[in-house]
$ cat query-v6.txt   # compact mmCIF, C-alpha atoms
# COMPACT_ATOMS: atom_id res chain seq x y z
CA MET A 97 7.14 11.46 -6.06
CA LYS A 98 5.61 12.41 -2.70
CA LYS A 99 2.17 10.97 -2.05
CA ILE A 100 -0.08 10.32 0.93
CA LEU A 101 -2.54 7.49 0.41
CA PRO A 102 -5.54 7.46 2.78
CA SER A 103 -6.29 3.93 3.92
CA ILE A 104 -9.97 3.19 3.32
CA LEU A 105 -9.85 0.68 6.19
CA SER A 106 -9.93 3.64 8.61
CA ALA A 107 -12.90 5.36 6.96
CA ASP A 108 -16.45 5.41 8.30
CA PHE A 109 -17.94 2.47 6.38
CA SER A 110 -21.48 3.84 6.78
CA ASN A 111 -20.42 6.98 4.90
CA LEU A 112 -17.74 5.55 2.66
CA GLY A 113 -18.71 7.47 -0.46
CA LYS A 114 -18.85 10.74 1.44
CA GLU A 115 -15.46 10.09 3.04
CA ILE A 116 -13.86 9.38 -0.32
CA ILE A 117 -15.25 12.60 -1.82
CA GLU A 118 -14.05 14.55 1.22
CA MET A 119 -10.55 13.16 0.73
CA GLU A 120 -10.66 14.11 -2.94
CA ASN A 121 -11.62 17.66 -1.97
CA ILE A 122 -8.52 18.07 0.21
CA GLY A 123 -6.26 17.02 -2.66
CA VAL A 124 -5.91 13.24 -2.41
CA ASP A 125 -5.31 11.52 -5.75
CA MET A 126 -4.58 7.97 -4.56
CA PHE A 127 -6.44 5.64 -2.19
CA HIS A 128 -5.11 2.57 -0.39
CA ILE A 129 -7.48 -0.39 -0.15
CA ASP A 130 -6.69 -3.40 2.06
CA VAL A 131 -8.06 -6.80 1.08
CA MET A 132 -7.82 -9.30 3.95
CA ASP A 133 -8.96 -12.91 3.98
CA GLY A 134 -8.91 -13.86 7.66
CA HIS A 135 -6.14 -16.39 6.99
CA PHE A 136 -3.00 -14.52 6.01
CA VAL A 137 -3.98 -11.90 8.59
CA PRO A 138 -6.49 -12.22 11.46
CA ASN A 139 -9.06 -9.90 9.93
CA ILE A 140 -11.45 -9.74 6.97
CA SER A 141 -12.06 -6.66 4.83
CA PHE A 142 -12.97 -5.39 1.38
CA ALA A 143 -13.45 -7.71 -1.54
CA PHE A 144 -14.42 -7.36 -5.17
CA PRO A 145 -17.94 -5.85 -4.80
CA ILE A 146 -16.73 -3.05 -2.50
CA ILE A 147 -13.90 -2.07 -4.81
CA SER A 148 -16.25 -2.12 -7.80
CA SER A 149 -18.79 0.02 -5.93
CA ILE A 150 -16.40 2.77 -4.87
CA ARG A 151 -14.76 2.70 -8.30
CA LYS A 152 -18.01 4.24 -9.60
CA ILE A 153 -17.67 7.38 -7.46
CA THR A 154 -14.04 8.33 -8.11
CA ASN A 155 -11.46 8.17 -10.87
CA LYS A 156 -8.53 8.47 -8.47
CA ILE A 157 -5.87 5.78 -8.32
CA PHE A 158 -6.74 2.65 -6.30
CA ASP A 159 -3.73 1.03 -4.67
CA VAL A 160 -5.00 -2.39 -3.59
CA HIS A 161 -2.97 -4.23 -0.96
CA LEU A 162 -3.63 -7.98 -0.91
CA MET A 163 -3.15 -9.51 2.51
CA ILE A 164 -4.39 -12.89 1.39
CA ASP A 165 -3.08 -16.41 0.90
CA ASN A 166 -2.56 -17.63 -2.67
CA PRO A 167 -3.01 -14.25 -4.38
CA GLU A 168 -2.50 -15.92 -7.78
CA ASN A 169 -6.09 -17.18 -7.48
CA TYR A 170 -7.57 -13.69 -7.11
CA VAL A 171 -5.41 -11.00 -8.72
CA GLU A 172 -7.18 -11.04 -12.07
CA ARG A 173 -10.56 -10.42 -10.44
CA ILE A 174 -9.03 -7.66 -8.33
CA CYS A 175 -7.69 -6.04 -11.49
CA ASP A 176 -11.09 -6.28 -13.15
CA SER A 177 -12.85 -4.77 -10.12
CA GLY A 178 -11.13 -1.42 -10.63
CA ALA A 179 -7.66 -1.61 -9.07
CA ASP A 180 -4.86 0.42 -10.67
CA MET A 181 -2.00 -0.85 -8.49
CA ILE A 182 -1.91 -4.23 -6.77
CA SER A 183 0.58 -5.40 -4.18
CA PHE A 184 0.83 -8.89 -2.71
CA HIS A 185 2.95 -10.36 0.07
CA ILE A 186 6.03 -12.40 -0.65
CA GLU A 187 5.12 -14.45 2.46
CA SER A 188 1.74 -15.44 0.96
CA THR A 189 2.76 -17.38 -2.14
CA ASN A 190 5.37 -19.69 -3.63
CA HIS A 191 4.62 -18.27 -7.07
CA ALA A 192 5.59 -14.61 -6.87
CA ASP A 193 6.76 -14.36 -10.47
CA ARG A 194 3.47 -15.82 -11.68
CA VAL A 195 1.49 -13.27 -9.66
CA ILE A 196 3.61 -10.44 -11.05
CA GLN A 197 2.97 -11.59 -14.61
CA LEU A 198 -0.78 -11.98 -14.05
CA ILE A 199 -1.00 -8.40 -12.82
CA LYS A 200 1.20 -7.04 -15.60
CA ASN A 201 -0.86 -8.88 -18.21
CA LYS A 202 -3.85 -6.87 -17.01
CA GLY A 203 -1.94 -3.64 -17.60
CA LYS A 204 -1.74 -2.74 -13.91
CA LYS A 205 1.12 -1.61 -11.68
CA VAL A 206 2.49 -4.38 -9.49
CA GLY A 207 4.01 -4.20 -6.04
CA ILE A 208 5.62 -6.71 -3.70
CA ALA A 209 4.91 -6.35 0.04
CA ILE A 210 7.00 -7.49 3.00
CA ASN A 211 6.05 -7.82 6.65
CA PRO A 212 8.15 -6.09 9.34
CA GLN A 213 10.24 -9.17 10.10
CA THR A 214 10.79 -10.14 6.46
CA SER A 215 14.21 -9.39 5.00
CA VAL A 216 14.77 -7.37 1.84
CA ASP A 217 16.87 -10.34 0.69
CA SER A 218 13.67 -12.34 0.18
CA ILE A 219 12.63 -10.07 -2.70
CA ILE A 220 16.03 -9.10 -4.08
CA TYR A 221 15.50 -10.97 -7.37
CA LEU A 222 12.11 -9.37 -7.95
CA LEU A 223 13.16 -5.74 -7.59
CA SER A 224 13.89 -5.30 -11.28
CA THR A 225 10.41 -6.53 -12.21
CA VAL A 226 8.07 -4.60 -9.87
CA ASP A 227 6.77 -1.04 -9.90
CA TYR A 228 6.87 -0.60 -6.13
CA VAL A 229 7.78 -2.26 -2.86
CA LEU A 230 5.38 -2.00 0.08
CA VAL A 231 7.17 -2.08 3.41
CA MET A 232 4.86 -2.88 6.31
CA SER A 233 5.79 -0.80 9.35
CA VAL A 234 3.23 -2.53 11.58
CA ASN A 235 2.09 -6.14 11.78
CA PRO A 236 -0.60 -6.35 9.08
CA GLY A 237 -4.28 -6.85 9.78
CA PHE A 238 -5.42 -3.90 11.89
CA GLY A 239 -5.23 -0.11 11.81
CA GLY A 240 -4.05 2.20 14.56
CA GLN A 241 -0.85 0.34 15.45
CA LYS A 242 2.45 1.89 16.53
CA PHE A 243 5.20 2.35 13.95
CA ILE A 244 7.96 -0.32 14.15
CA SER A 245 11.19 1.64 13.93
CA TYR A 246 13.51 -1.12 12.69
CA VAL A 247 11.78 -1.07 9.29
CA LEU A 248 13.59 2.21 8.61
CA ASP A 249 16.72 0.17 7.91
CA LYS A 250 14.83 -1.75 5.21
CA ILE A 251 13.64 1.47 3.57
CA ASN A 252 17.20 2.69 3.52
CA ILE A 253 18.47 -0.60 2.06
CA LEU A 254 15.84 -0.54 -0.68
CA ASP A 255 16.69 3.04 -1.56
CA SER A 256 20.39 2.17 -1.76
CA ILE A 257 19.70 -0.81 -4.04
CA ARG A 258 17.46 1.33 -6.22
CA LYS A 259 20.18 3.93 -6.68
CA GLU A 260 22.98 1.42 -7.18
CA LYS A 261 21.10 -0.72 -9.73
CA LYS A 262 19.27 2.23 -11.30
CA TYR A 263 15.92 0.53 -10.68
CA ASN A 264 12.69 2.50 -10.98
CA PHE A 265 10.53 0.96 -8.25
CA LEU A 266 8.85 3.23 -5.72
CA ILE A 267 9.00 2.59 -1.98
CA GLU A 268 5.70 2.58 -0.12
CA VAL A 269 5.35 2.42 3.67
CA ASP A 270 2.20 1.30 5.45
CA GLY A 271 1.50 1.52 9.19
CA GLY A 272 1.80 4.02 12.01
CA ILE A 273 2.24 7.00 9.71
CA ASN A 274 1.86 10.42 11.35
CA ILE A 275 3.59 13.80 11.03
CA GLU A 276 6.79 12.56 12.68
CA THR A 277 7.09 9.13 11.05
CA SER A 278 6.18 10.43 7.59
CA LYS A 279 9.19 12.73 7.60
CA ILE A 280 11.52 10.03 8.90
CA CYS A 281 10.37 7.58 6.23
CA ARG A 282 10.88 10.12 3.47
CA ASP A 283 14.35 10.92 4.75
CA LYS A 284 15.17 7.21 4.36
CA GLY A 285 13.87 7.13 0.79
CA ALA A 286 10.12 6.42 0.91
CA ASP A 287 7.92 7.81 -1.87
CA LEU A 288 4.39 6.68 -0.96
CA LEU A 289 3.00 6.74 2.57
CA VAL A 290 -0.22 5.05 3.62
CA CYS A 291 -2.05 6.91 6.38
CA GLY A 292 -5.18 5.59 8.02
CA SER A 293 -6.49 6.44 11.47
CA PHE A 294 -4.22 9.47 11.94
CA LEU A 295 -5.74 11.19 8.90
CA PHE A 296 -9.35 10.01 9.11
CA ALA A 297 -9.60 10.82 12.83
CA SER A 298 -8.24 14.34 12.37
CA ASP A 299 -10.54 17.27 13.11
CA ASP A 300 -8.84 19.20 10.32
CA LYS A 301 -8.14 16.66 7.59
CA LYS A 302 -7.03 19.23 5.04
CA ASN A 303 -4.35 20.70 7.29
CA THR A 304 -3.26 17.25 8.48
CA TYR A 305 -2.90 16.12 4.87
CA LYS A 306 -0.74 19.13 4.06
CA GLU A 307 1.43 18.54 7.13
CA LEU A 308 1.95 14.90 6.15
CA LEU A 309 3.25 16.01 2.76
CA LYS A 310 5.89 18.37 4.17
$ encode --input "query-v6.txt" --output "structure tokens"
Amino acid sequence: MKKILPSILSADFSNLGKEIIEMENIGVDMFHIDVMDGHFVPNISFAFPIISSIRKITNKIFDVHLMIDNPENYVERICDSGADMISFHIESTNHADRVIQLIKNKGKKVGIAINPQTSVDSIIYLLSTVDYVLVMSVNPGFGGQKFISYVLDKINILDSIRKEKKYNFLIEVDGGINIETSKICRDKGADLLVCGSFLFASDDKKNTYKELLK
């Protein structure tokens, strides 16, 4: 699977519906939505009403990335708001297995996310239970940051574990994705790439999208 997921965080909020439709028209079939609480990361973004609102204008897949403390208190409402895939950070909860089960009970895909400095070892026992692993390649909270190259080792490690154990989880990478880094990440084993400012700021989004998929 090779997918580029536009990050809604980088869209023009005053024309959000228009931006989503434009992305659909260039071939996008998945959108990445960041939910931030101002505690786990130093920023605040989309919550339930926004997800519910944009759910009405598209039937494309919503990949919701929870950058919030205590996700077990909110995942069910996120599922009900229109999310199809939900990832949460291993650093944000002491109850990862509970969060996974809450999401699965809602019939949604579940992902586990790790910050740049977090070791793959911290999620090793969860890999057989999740649908995808989200590797942060920038420090979470803001768009437009530079790709952190040492995360490539983690992508490679995850891909090796997946092959060795015959697991089915996908590898998603979020942060600093452009033409160059997208190719490098795929070469290491990534399947899903989140692209924000690089895609939304492009003067030719359709061509940029195609280049990112190569």
$ atom_distance --input "query-v6.txt" --atom1 "CA of Asp130 (chain A)" --atom2 "CA of Ile257 (chain A)"
27.2 Å
$ closest_atom_pairs --input "query-v6.txt" --of "region 129-175 of chain A" --to "region 267-287 of chain A" --cutoff "12 Å" --atoms "only C-alpha atoms" --output "tab-separated table"
residue	atom	partner	partner_atom	distance
A:Ile129	CA	A:Asp270	CA	11.3
A:Asp130	CA	A:Asp270	CA	10.6
A:Asp159	CA	A:Glu268	CA	10.6
A:His161	CA	A:Asp270	CA	9.9
$ closest_residue --input "query-v6.txt" --among "A:Lys310, A:Gly292, A:Val216, A:Lys152" --to "Ile104 (chain A)" --atoms "all atoms listed in the file"
A:Gly292
$ atom_distance --input "query-v6.txt" --atom1 "CA of Thr304 (chain A)" --atom2 "CA of Gly113 (chain A)"
20.4 Å
$ atom_distance --input "query-v6.txt" --atom1 "CA of Asp255 (chain A)" --atom2 "CA of Ile122 (chain A)"
29.4 Å
$ closest_atom_pairs --input "query-v6.txt" --of "region 197-227 of chain A" --to "region 169-192 of chain A" --cutoff "7 Å" --atoms "all atoms listed in the file" --output "tab-separated table"
residue	atom	partner	partner_atom	distance
A:Leu198	CA	A:Glu172	CA	6.8
A:Ile199	CA	A:Val171	CA	6.6
A:Lys202	CA	A:Cys175	CA	6.8
A:Lys204	CA	A:Asp180	CA	5.5
A:Lys205	CA	A:Met181	CA	4.5
A:Val206	CA	A:Ile182	CA	5.2
A:Gly207	CA	A:Ser183	CA	4.1
A:Ile208	CA	A:Ser183	CA	5.2
A:Ala209	CA	A:His185	CA	4.5
A:Ile210	CA	A:His185	CA	5.8
$ closest_residue --input "query-v6.txt" --among "A:Gln213, A:Asn111, A:Ser293, A:Ser224" --to "Ser245 (chain A)" --atoms "only C-alpha atoms"
A:Gln213
$ residues_near_point --input "query-v6.txt" --point "(7.8, -2.8, 4.5)" --cutoff "6 Å" --atoms "only C-alpha atoms" --output "PyMOL selection string"
chain A and resi 210-212+230-233+269
$ closest_residue --input "query-v6.txt" --among "A:Val160, A:Leu222, A:Ile147, A:Leu248" --to "Ser103 (chain A)" --atoms "only C-alpha atoms"
A:Val160
$ axis_aligned_box --input "query-v6.txt" --around "region 174-192 of chain A" --padding-each-side "3 Å" --output "lines of an AutoDock Vina configuration file"
center_x = -3.4
center_y = -9.6
center_z = -5.3
size_x = 24.9
size_y = 26.1
size_z = 21.6
$ residues_around --input "query-v6.txt" --residues "His135 (chain A)" --least-positions-apart "5" --cutoff "10 Å" --atoms "all atoms listed in the file" --output "list in words"
Ile140, Met163, Ile164, Asp165 and Ser188 of chain A
$ residues_around --input "query-v6.txt" --residues "Ala297 (chain A)" --least-positions-apart "6" --cutoff "10 Å" --atoms "all atoms listed in the file" --output "PyMOL selection string"
chain A and resi 106-108
